[in-house]
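Structure data (mmCIF, N, CA and C atoms) from upload-v1.cif:
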```cif
data_protein
loop_
_atom_site.label_atom_id
_atom_site.label_comp_id
_atom_site.auth_asym_id
_atom_site.auth_seq_id
_atom_site.Cartn_x
_atom_site.Cartn_y
_atom_site.Cartn_z
N MET J 1 108.06 85.39 75.97
CA MET J 1 106.67 85.76 76.06
C MET J 1 106.12 85.60 77.47
N LEU J 2 106.83 84.94 78.34
CA LEU J 2 106.37 84.80 79.72
C LEU J 2 106.98 85.89 80.57
N ALA J 3 106.49 86.00 81.78
CA ALA J 3 107.00 87.02 82.70
C ALA J 3 108.48 86.78 82.97
N GLY J 4 109.23 87.86 83.08
CA GLY J 4 110.66 87.76 83.36
C GLY J 4 110.92 87.51 84.82
N ALA J 5 112.17 87.29 85.14
CA ALA J 5 112.55 86.99 86.52
C ALA J 5 112.20 88.13 87.47
N ALA J 6 112.22 89.35 86.96
CA ALA J 6 111.91 90.50 87.82
C ALA J 6 110.41 90.67 88.03
N GLY J 7 109.59 89.84 87.38
CA GLY J 7 108.15 89.90 87.59
C GLY J 7 107.44 90.86 86.64
N SER J 8 108.12 91.28 85.58
CA SER J 8 107.46 92.20 84.64
C SER J 8 106.36 91.46 83.88
N ALA J 9 105.34 92.19 83.49
CA ALA J 9 104.19 91.58 82.84
C ALA J 9 104.40 91.50 81.33
N THR J 10 103.94 90.41 80.75
CA THR J 10 103.97 90.23 79.31
C THR J 10 102.86 91.05 78.68
N PRO J 11 103.18 91.92 77.71
CA PRO J 11 102.11 92.68 77.05
C PRO J 11 101.38 91.80 76.04
N GLY J 12 100.26 92.28 75.55
CA GLY J 12 99.60 91.59 74.45
C GLY J 12 98.23 91.04 74.74
N LEU J 13 97.76 91.01 75.97
CA LEU J 13 96.43 90.51 76.29
C LEU J 13 95.48 91.71 76.25
N VAL J 14 94.55 91.71 75.28
CA VAL J 14 93.70 92.88 75.05
C VAL J 14 92.23 92.47 75.03
N ALA J 15 91.41 93.17 75.80
CA ALA J 15 89.95 92.99 75.76
C ALA J 15 89.37 94.18 75.01
N THR J 16 88.50 93.90 74.04
CA THR J 16 87.87 94.95 73.24
C THR J 16 86.37 94.88 73.42
N LEU J 17 85.76 96.01 73.78
CA LEU J 17 84.32 96.11 73.96
C LEU J 17 83.85 97.33 73.19
N LYS J 18 82.92 97.15 72.27
CA LYS J 18 82.40 98.31 71.55
C LYS J 18 81.03 98.01 70.96
N ASP J 19 80.34 99.07 70.64
CA ASP J 19 79.03 98.99 70.01
C ASP J 19 79.23 99.34 68.54
N GLU J 20 78.68 98.54 67.65
CA GLU J 20 78.75 98.85 66.22
C GLU J 20 77.35 98.94 65.67
N ARG J 21 77.10 99.97 64.92
CA ARG J 21 75.80 100.10 64.27
C ARG J 21 75.77 99.18 63.07
N SER J 22 74.69 98.46 62.92
CA SER J 22 74.53 97.58 61.76
C SER J 22 73.20 97.90 61.09
N ARG J 23 73.17 97.80 59.80
CA ARG J 23 71.95 98.09 59.05
C ARG J 23 71.39 96.75 58.55
N GLY J 24 70.21 96.44 58.99
CA GLY J 24 69.56 95.20 58.58
C GLY J 24 68.26 95.49 57.85
N GLU J 25 67.52 94.44 57.56
CA GLU J 25 66.26 94.59 56.84
C GLU J 25 65.23 95.38 57.63
N VAL J 26 65.36 95.34 58.97
CA VAL J 26 64.38 96.01 59.80
C VAL J 26 64.82 97.43 60.18
N GLY J 27 66.01 97.82 59.82
CA GLY J 27 66.50 99.15 60.15
C GLY J 27 67.87 99.08 60.80
N VAL J 28 68.26 100.17 61.42
CA VAL J 28 69.58 100.24 62.06
C VAL J 28 69.50 99.59 63.43
N GLY J 29 70.49 98.75 63.74
CA GLY J 29 70.55 98.09 65.03
C GLY J 29 71.92 98.25 65.65
N ILE J 30 72.11 97.66 66.80
CA ILE J 30 73.39 97.72 67.49
C ILE J 30 73.96 96.31 67.56
N SER J 31 75.21 96.18 67.17
CA SER J 31 75.93 94.92 67.29
C SER J 31 77.00 95.12 68.34
N LEU J 32 77.07 94.25 69.33
CA LEU J 32 78.04 94.38 70.42
C LEU J 32 79.27 93.55 70.11
N VAL J 33 80.45 94.15 70.22
CA VAL J 33 81.72 93.45 70.01
C VAL J 33 82.34 93.22 71.39
N PHE J 34 82.65 91.96 71.69
CA PHE J 34 83.20 91.58 72.99
C PHE J 34 84.21 90.48 72.74
N LYS J 35 85.51 90.80 72.86
CA LYS J 35 86.52 89.77 72.57
C LYS J 35 87.77 89.97 73.41
N LEU J 36 88.52 88.87 73.57
CA LEU J 36 89.79 88.88 74.28
C LEU J 36 90.83 88.28 73.36
N THR J 37 91.91 89.01 73.10
CA THR J 37 92.95 88.54 72.18
C THR J 37 94.32 88.59 72.84
N PHE J 38 95.21 87.75 72.34
CA PHE J 38 96.61 87.76 72.75
C PHE J 38 97.44 87.81 71.48
N ASN J 39 98.24 88.86 71.33
CA ASN J 39 99.03 89.07 70.12
C ASN J 39 98.15 89.03 68.87
N GLY J 40 96.95 89.60 68.97
CA GLY J 40 96.05 89.72 67.83
C GLY J 40 95.16 88.53 67.55
N LYS J 41 95.30 87.43 68.30
CA LYS J 41 94.50 86.23 68.07
C LYS J 41 93.60 85.95 69.27
N ARG J 42 92.40 85.42 68.99
CA ARG J 42 91.46 85.08 70.06
C ARG J 42 92.09 84.12 71.06
N VAL J 43 91.91 84.38 72.34
CA VAL J 43 92.51 83.55 73.39
C VAL J 43 91.75 82.24 73.53
N LYS J 44 92.49 81.13 73.42
CA LYS J 44 91.94 79.80 73.67
C LYS J 44 92.72 79.13 74.80
N THR J 45 94.05 79.21 74.74
CA THR J 45 94.92 78.72 75.82
C THR J 45 96.10 79.68 75.95
N LEU J 46 96.61 79.77 77.16
CA LEU J 46 97.79 80.59 77.45
C LEU J 46 98.68 79.83 78.41
N PRO J 47 99.99 80.06 78.35
CA PRO J 47 100.86 79.53 79.39
C PRO J 47 100.70 80.35 80.66
N ALA J 48 100.86 79.71 81.81
CA ALA J 48 100.77 80.43 83.09
C ALA J 48 101.83 81.52 83.12
N GLY J 49 101.50 82.62 83.78
CA GLY J 49 102.45 83.72 83.90
C GLY J 49 101.73 85.01 84.26
N THR J 50 102.48 86.09 84.29
CA THR J 50 101.95 87.40 84.61
C THR J 50 101.77 88.18 83.31
N TYR J 51 100.58 88.71 83.12
CA TYR J 51 100.23 89.39 81.88
C TYR J 51 99.72 90.79 82.15
N LYS J 52 99.96 91.67 81.20
CA LYS J 52 99.34 92.99 81.21
C LYS J 52 98.06 92.86 80.40
N LEU J 53 96.93 93.17 81.01
CA LEU J 53 95.63 93.11 80.37
C LEU J 53 95.15 94.54 80.12
N VAL J 54 94.95 94.88 78.87
CA VAL J 54 94.45 96.20 78.50
C VAL J 54 93.00 96.04 78.08
N VAL J 55 92.09 96.73 78.76
CA VAL J 55 90.67 96.71 78.42
C VAL J 55 90.35 98.00 77.68
N ASN J 56 90.02 97.87 76.40
CA ASN J 56 89.61 99.01 75.58
C ASN J 56 88.09 99.01 75.52
N ASP J 57 87.46 99.81 76.34
CA ASP J 57 86.00 99.82 76.45
C ASP J 57 85.43 101.04 75.73
N GLN J 58 84.79 100.80 74.60
CA GLN J 58 84.15 101.86 73.83
C GLN J 58 82.64 101.65 73.78
N SER J 59 82.13 100.83 74.70
CA SER J 59 80.72 100.45 74.69
C SER J 59 79.92 101.17 75.77
N ARG J 60 78.70 101.54 75.41
CA ARG J 60 77.77 102.10 76.40
C ARG J 60 77.02 101.00 77.15
N TYR J 61 77.12 99.76 76.67
CA TYR J 61 76.29 98.67 77.20
C TYR J 61 77.08 97.55 77.88
N LEU J 62 78.38 97.45 77.65
CA LEU J 62 79.16 96.32 78.14
C LEU J 62 80.13 96.74 79.24
N GLN J 63 80.61 95.76 79.98
CA GLN J 63 81.73 95.89 80.90
C GLN J 63 82.51 94.60 80.83
N PHE J 64 83.71 94.57 81.38
CA PHE J 64 84.57 93.39 81.29
C PHE J 64 84.77 92.81 82.67
N HIS J 65 84.58 91.48 82.80
CA HIS J 65 84.75 90.78 84.06
C HIS J 65 85.55 89.51 83.78
N LEU J 66 86.74 89.40 84.39
CA LEU J 66 87.60 88.22 84.25
C LEU J 66 87.67 87.52 85.59
N MET J 67 87.40 86.21 85.59
CA MET J 67 87.45 85.45 86.83
C MET J 67 88.05 84.08 86.58
N GLY J 68 88.77 83.60 87.58
CA GLY J 68 89.41 82.29 87.51
C GLY J 68 90.26 82.10 88.74
N PRO J 69 91.14 81.09 88.75
CA PRO J 69 91.96 80.82 89.93
C PRO J 69 92.77 82.04 90.37
N GLY J 70 92.37 82.65 91.48
CA GLY J 70 93.08 83.80 92.04
C GLY J 70 92.82 85.13 91.36
N VAL J 71 91.89 85.18 90.40
CA VAL J 71 91.62 86.42 89.66
C VAL J 71 90.13 86.71 89.66
N ASP J 72 89.76 87.94 89.99
CA ASP J 72 88.38 88.41 89.89
C ASP J 72 88.44 89.93 89.72
N ILE J 73 88.52 90.38 88.46
CA ILE J 73 88.62 91.81 88.17
C ILE J 73 87.51 92.21 87.22
N SER J 74 87.08 93.45 87.33
CA SER J 74 86.03 93.91 86.42
C SER J 74 86.06 95.42 86.27
N THR J 75 85.43 95.87 85.21
CA THR J 75 85.24 97.29 84.97
C THR J 75 83.75 97.57 85.11
N GLY J 76 83.37 98.82 85.14
CA GLY J 76 81.97 99.17 85.25
C GLY J 76 81.35 99.46 83.89
N VAL J 77 80.04 99.30 83.79
CA VAL J 77 79.33 99.58 82.54
C VAL J 77 79.50 101.05 82.16
N ALA J 78 79.43 101.92 83.13
CA ALA J 78 79.51 103.36 82.85
C ALA J 78 80.94 103.85 82.63
N SER J 79 81.94 102.99 82.86
CA SER J 79 83.34 103.44 82.76
C SER J 79 83.93 103.11 81.40
N LYS J 80 83.65 103.95 80.43
CA LYS J 80 84.25 103.80 79.11
C LYS J 80 85.69 104.26 79.16
N GLY J 81 86.50 103.77 78.23
CA GLY J 81 87.89 104.18 78.16
C GLY J 81 88.82 103.00 78.23
N ARG J 82 90.06 103.29 78.57
CA ARG J 82 91.11 102.27 78.60
C ARG J 82 91.54 102.03 80.04
N ARG J 83 91.54 100.77 80.45
CA ARG J 83 92.02 100.37 81.78
C ARG J 83 93.08 99.31 81.61
N THR J 84 94.09 99.36 82.44
CA THR J 84 95.17 98.38 82.38
C THR J 84 95.28 97.66 83.72
N PHE J 85 95.36 96.34 83.65
CA PHE J 85 95.50 95.50 84.84
C PHE J 85 96.73 94.61 84.66
N THR J 86 97.35 94.24 85.75
CA THR J 86 98.37 93.20 85.73
C THR J 86 97.74 91.98 86.39
N VAL J 87 97.71 90.87 85.65
CA VAL J 87 97.06 89.66 86.17
C VAL J 87 98.05 88.50 86.15
N ARG J 88 98.02 87.72 87.22
CA ARG J 88 98.83 86.51 87.30
C ARG J 88 97.89 85.34 87.02
N LEU J 89 98.11 84.70 85.88
CA LEU J 89 97.26 83.58 85.49
C LEU J 89 97.94 82.28 85.88
N ARG J 90 97.21 81.46 86.64
CA ARG J 90 97.70 80.15 87.06
C ARG J 90 96.95 79.07 86.29
N ARG J 91 97.43 77.88 86.36
CA ARG J 91 96.82 76.75 85.67
C ARG J 91 95.34 76.65 86.03
N GLY J 92 94.49 76.46 85.01
CA GLY J 92 93.06 76.30 85.24
C GLY J 92 92.23 76.98 84.17
N ARG J 93 90.93 77.00 84.37
CA ARG J 93 90.00 77.63 83.42
C ARG J 93 89.62 79.01 83.93
N TYR J 94 89.64 79.97 83.00
CA TYR J 94 89.26 81.34 83.29
C TYR J 94 88.04 81.70 82.45
N TYR J 95 87.18 82.51 83.01
CA TYR J 95 85.97 82.96 82.31
C TYR J 95 86.00 84.48 82.21
N TYR J 96 85.50 85.00 81.11
CA TYR J 96 85.32 86.45 80.98
C TYR J 96 83.96 86.70 80.36
N GLN J 97 83.36 87.80 80.78
CA GLN J 97 82.00 88.12 80.34
C GLN J 97 81.69 89.57 80.63
N SER J 98 80.59 90.04 80.07
CA SER J 98 80.00 91.31 80.47
C SER J 98 78.82 90.92 81.35
N ASP J 99 78.88 91.26 82.63
CA ASP J 99 77.87 90.79 83.58
C ASP J 99 76.42 91.08 83.16
N PRO J 100 76.09 92.29 82.64
CA PRO J 100 74.70 92.52 82.25
C PRO J 100 74.24 91.65 81.06
N HIS J 101 75.20 91.09 80.32
CA HIS J 101 74.88 90.27 79.15
C HIS J 101 75.58 88.92 79.23
N ALA J 102 75.68 88.37 80.44
CA ALA J 102 76.46 87.15 80.68
C ALA J 102 75.99 85.96 79.83
N THR J 103 74.70 85.86 79.57
CA THR J 103 74.20 84.70 78.81
C THR J 103 74.70 84.70 77.37
N THR J 104 75.04 85.87 76.82
CA THR J 104 75.50 85.92 75.43
C THR J 104 76.98 86.26 75.29
N THR J 105 77.63 86.73 76.35
CA THR J 105 79.04 87.12 76.22
C THR J 105 80.01 86.21 76.96
N ARG J 106 79.53 85.27 77.77
CA ARG J 106 80.43 84.43 78.58
C ARG J 106 81.31 83.55 77.69
N ARG J 107 82.61 83.67 77.91
CA ARG J 107 83.59 82.87 77.18
C ARG J 107 84.61 82.34 78.19
N SER J 108 85.42 81.38 77.75
CA SER J 108 86.44 80.84 78.64
C SER J 108 87.72 80.52 77.86
N PHE J 109 88.80 80.37 78.62
CA PHE J 109 90.06 79.90 78.06
C PHE J 109 90.80 79.13 79.14
N MET J 110 91.75 78.32 78.71
CA MET J 110 92.54 77.50 79.64
C MET J 110 93.93 78.08 79.79
N VAL J 111 94.46 77.98 81.00
CA VAL J 111 95.85 78.34 81.26
C VAL J 111 96.56 77.05 81.62
N ARG J 112 97.63 76.79 80.88
CA ARG J 112 98.42 75.56 81.09
C ARG J 112 99.71 75.91 81.81
N PRO J 113 100.36 74.91 82.40
CA PRO J 113 101.64 75.19 83.07
C PRO J 113 102.62 75.81 82.10
N SER J 114 103.49 76.69 82.61
CA SER J 114 104.48 77.35 81.72
C SER J 114 105.65 76.45 81.40
#
```

Can the structure in the file be given as structure tokens, please?
Amino acid sequence: MLAGAAGSATPGLVATLKDERSRGEVGVGISLVFKLTFNGKRVKTLPAGTYKLVVNDQSRYLQFHLMGPGVDISTGVASKGRRTFTVRLRRGRYYYQSDPHATTTRRSFMVRPS
């Protein structure tokens, strides 16, 4: 599951951003989905290594921003679609958020030695 000797990236790190319509007592609203998963599970800790990060952005309101030791990558709010990044995660805490909604979307995970 870690990067190979040739430096190839481990697949499986996926960011999902989308808008979902929800029907409540007051009418139809928008629910924003913003999550980061590894092999289908929410990221809490990862071993250090090189990962392929796939950002699936289907939202008109969100963007993805990952920052931590040696990493600062982001997509734009207007750039819907699929983007792929190769990221080298080192030991430490990483944060991800949608900058326009940072107070409600900011999350973090830890990277431990491999």

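The residues returned by the PyMOL selection byres ((chain J and resi 44) around 5) on the shown structure are Arg42, Val43, Thr45, Leu46, Phe109 and Met110 of chain J.
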
**Prompt:** Once you count only C-alpha atoms, which residues end up no further than 10 Å from (79.9, 101.6, 77.9) in the file's frame, shown as number ranges by chain?
**Reply:** J: 17-19, 57-63, 75-81

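Evaluating the PyMOL selection byres ((chain J and resi 54) around 6.5) against the shown model yields J:Leu13, J:Val14, J:Ala15, J:Thr16, J:Lys52, J:Leu53, J:Val55, J:Asn56, J:Arg82, J:Arg83, J:Thr84, J:Phe85.
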
Generate the output file for the selected residues, N, CA and C atoms, as a PDB file, in the coordinates of the input.
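Listed below is the output, part_29.pdb:
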```pdb
ATOM      1  N   LEU J  13      97.760  91.010  75.970  1.00  0.00           N
ATOM      2  CA  LEU J  13      96.430  90.510  76.290  1.00  0.00           C
ATOM      3  C   LEU J  13      95.480  91.710  76.250  1.00  0.00           C
ATOM      4  N   VAL J  14      94.550  91.710  75.280  1.00  0.00           N
ATOM      5  CA  VAL J  14      93.700  92.880  75.050  1.00  0.00           C
ATOM      6  C   VAL J  14      92.230  92.470  75.030  1.00  0.00           C
ATOM      7  N   ALA J  15      91.410  93.170  75.800  1.00  0.00           N
ATOM      8  CA  ALA J  15      89.950  92.990  75.760  1.00  0.00           C
ATOM      9  C   ALA J  15      89.370  94.180  75.010  1.00  0.00           C
ATOM     10  N   THR J  16      88.500  93.900  74.040  1.00  0.00           N
ATOM     11  CA  THR J  16      87.870  94.950  73.240  1.00  0.00           C
ATOM     12  C   THR J  16      86.370  94.880  73.420  1.00  0.00           C
ATOM     13  N   LYS J  52      99.960  91.670  81.200  1.00  0.00           N
ATOM     14  CA  LYS J  52      99.340  92.990  81.210  1.00  0.00           C
ATOM     15  C   LYS J  52      98.060  92.860  80.400  1.00  0.00           C
ATOM     16  N   LEU J  53      96.930  93.170  81.010  1.00  0.00           N
ATOM     17  CA  LEU J  53      95.630  93.110  80.370  1.00  0.00           C
ATOM     18  C   LEU J  53      95.150  94.540  80.120  1.00  0.00           C
ATOM     19  N   VAL J  55      92.090  96.730  78.760  1.00  0.00           N
ATOM     20  CA  VAL J  55      90.670  96.710  78.420  1.00  0.00           C
ATOM     21  C   VAL J  55      90.350  98.000  77.680  1.00  0.00           C
ATOM     22  N   ASN J  56      90.020  97.870  76.400  1.00  0.00           N
ATOM     23  CA  ASN J  56      89.610  99.010  75.580  1.00  0.00           C
ATOM     24  C   ASN J  56      88.090  99.010  75.520  1.00  0.00           C
ATOM     25  N   ARG J  82      90.060 103.290  78.570  1.00  0.00           N
ATOM     26  CA  ARG J  82      91.110 102.270  78.600  1.00  0.00           C
ATOM     27  C   ARG J  82      91.540 102.030  80.040  1.00  0.00           C
ATOM     28  N   ARG J  83      91.540 100.770  80.450  1.00  0.00           N
ATOM     29  CA  ARG J  83      92.020 100.370  81.780  1.00  0.00           C
ATOM     30  C   ARG J  83      93.080  99.310  81.610  1.00  0.00           C
ATOM     31  N   THR J  84      94.090  99.360  82.440  1.00  0.00           N
ATOM     32  CA  THR J  84      95.170  98.380  82.380  1.00  0.00           C
ATOM     33  C   THR J  84      95.280  97.660  83.720  1.00  0.00           C
ATOM     34  N   PHE J  85      95.360  96.340  83.650  1.00  0.00           N
ATOM     35  CA  PHE J  85      95.500  95.500  84.840  1.00  0.00           C
ATOM     36  C   PHE J  85      96.730  94.610  84.660  1.00  0.00           C
TER      37      PHE J  85
END
```

7 Å contact set for J:Arg90, only N, CA and C atoms, chain neighbours under 2 positions out, as an mmCIF file with N, CA and C atoms, in the frame of the given file:
```cif
data_model
loop_
_atom_site.group_PDB
_atom_site.id
_atom_site.type_symbol
_atom_site.label_atom_id
_atom_site.label_comp_id
_atom_site.auth_asym_id
_atom_site.auth_seq_id
_atom_site.Cartn_x
_atom_site.Cartn_y
_atom_site.Cartn_z
ATOM 1 N N PRO J 47 99.990 80.060 78.350
ATOM 2 C CA PRO J 47 100.860 79.530 79.390
ATOM 3 C C PRO J 47 100.700 80.350 80.660
ATOM 4 N N ALA J 48 100.860 79.710 81.810
ATOM 5 C CA ALA J 48 100.770 80.430 83.090
ATOM 6 C C ALA J 48 101.830 81.520 83.120
ATOM 7 N N GLY J 49 101.500 82.620 83.780
ATOM 8 C CA GLY J 49 102.450 83.720 83.900
ATOM 9 C C GLY J 49 101.730 85.010 84.260
ATOM 10 N N PRO J 69 91.140 81.090 88.750
ATOM 11 C CA PRO J 69 91.960 80.820 89.930
ATOM 12 C C PRO J 69 92.770 82.040 90.370
ATOM 13 N N GLY J 70 92.370 82.650 91.480
ATOM 14 C CA GLY J 70 93.080 83.800 92.040
ATOM 15 C C GLY J 70 92.820 85.130 91.360
ATOM 16 N N ARG J 88 98.020 87.720 87.220
ATOM 17 C CA ARG J 88 98.830 86.510 87.300
ATOM 18 C C ARG J 88 97.890 85.340 87.020
ATOM 19 N N GLY J 92 94.490 76.460 85.010
ATOM 20 C CA GLY J 92 93.060 76.300 85.240
ATOM 21 C C GLY J 92 92.230 76.980 84.170
ATOM 22 N N ARG J 93 90.930 77.000 84.370
ATOM 23 C CA ARG J 93 90.000 77.630 83.420
ATOM 24 C C ARG J 93 89.620 79.010 83.930
ATOM 25 N N VAL J 111 94.460 77.980 81.000
ATOM 26 C CA VAL J 111 95.850 78.340 81.260
ATOM 27 C C VAL J 111 96.560 77.050 81.620
ATOM 28 N N ARG J 112 97.630 76.790 80.880
ATOM 29 C CA ARG J 112 98.420 75.560 81.090
ATOM 30 C C ARG J 112 99.710 75.910 81.810
ATOM 31 N N PRO J 113 100.360 74.910 82.400
ATOM 32 C CA PRO J 113 101.640 75.190 83.070
ATOM 33 C C PRO J 113 102.620 75.810 82.100
#
```

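The closest residue to J:Leu66, picked from J:Thr86, J:Thr37, J:Gln97, J:Ser114 and counting only N, CA and C atoms, is J:Gln97.
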
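Compared by their closest atoms to J:Tyr94, and using only N, CA and C atoms, the residues J:Lys41, J:Met67, J:Ser74, J:Tyr51 rank with J:Met67 nearest.
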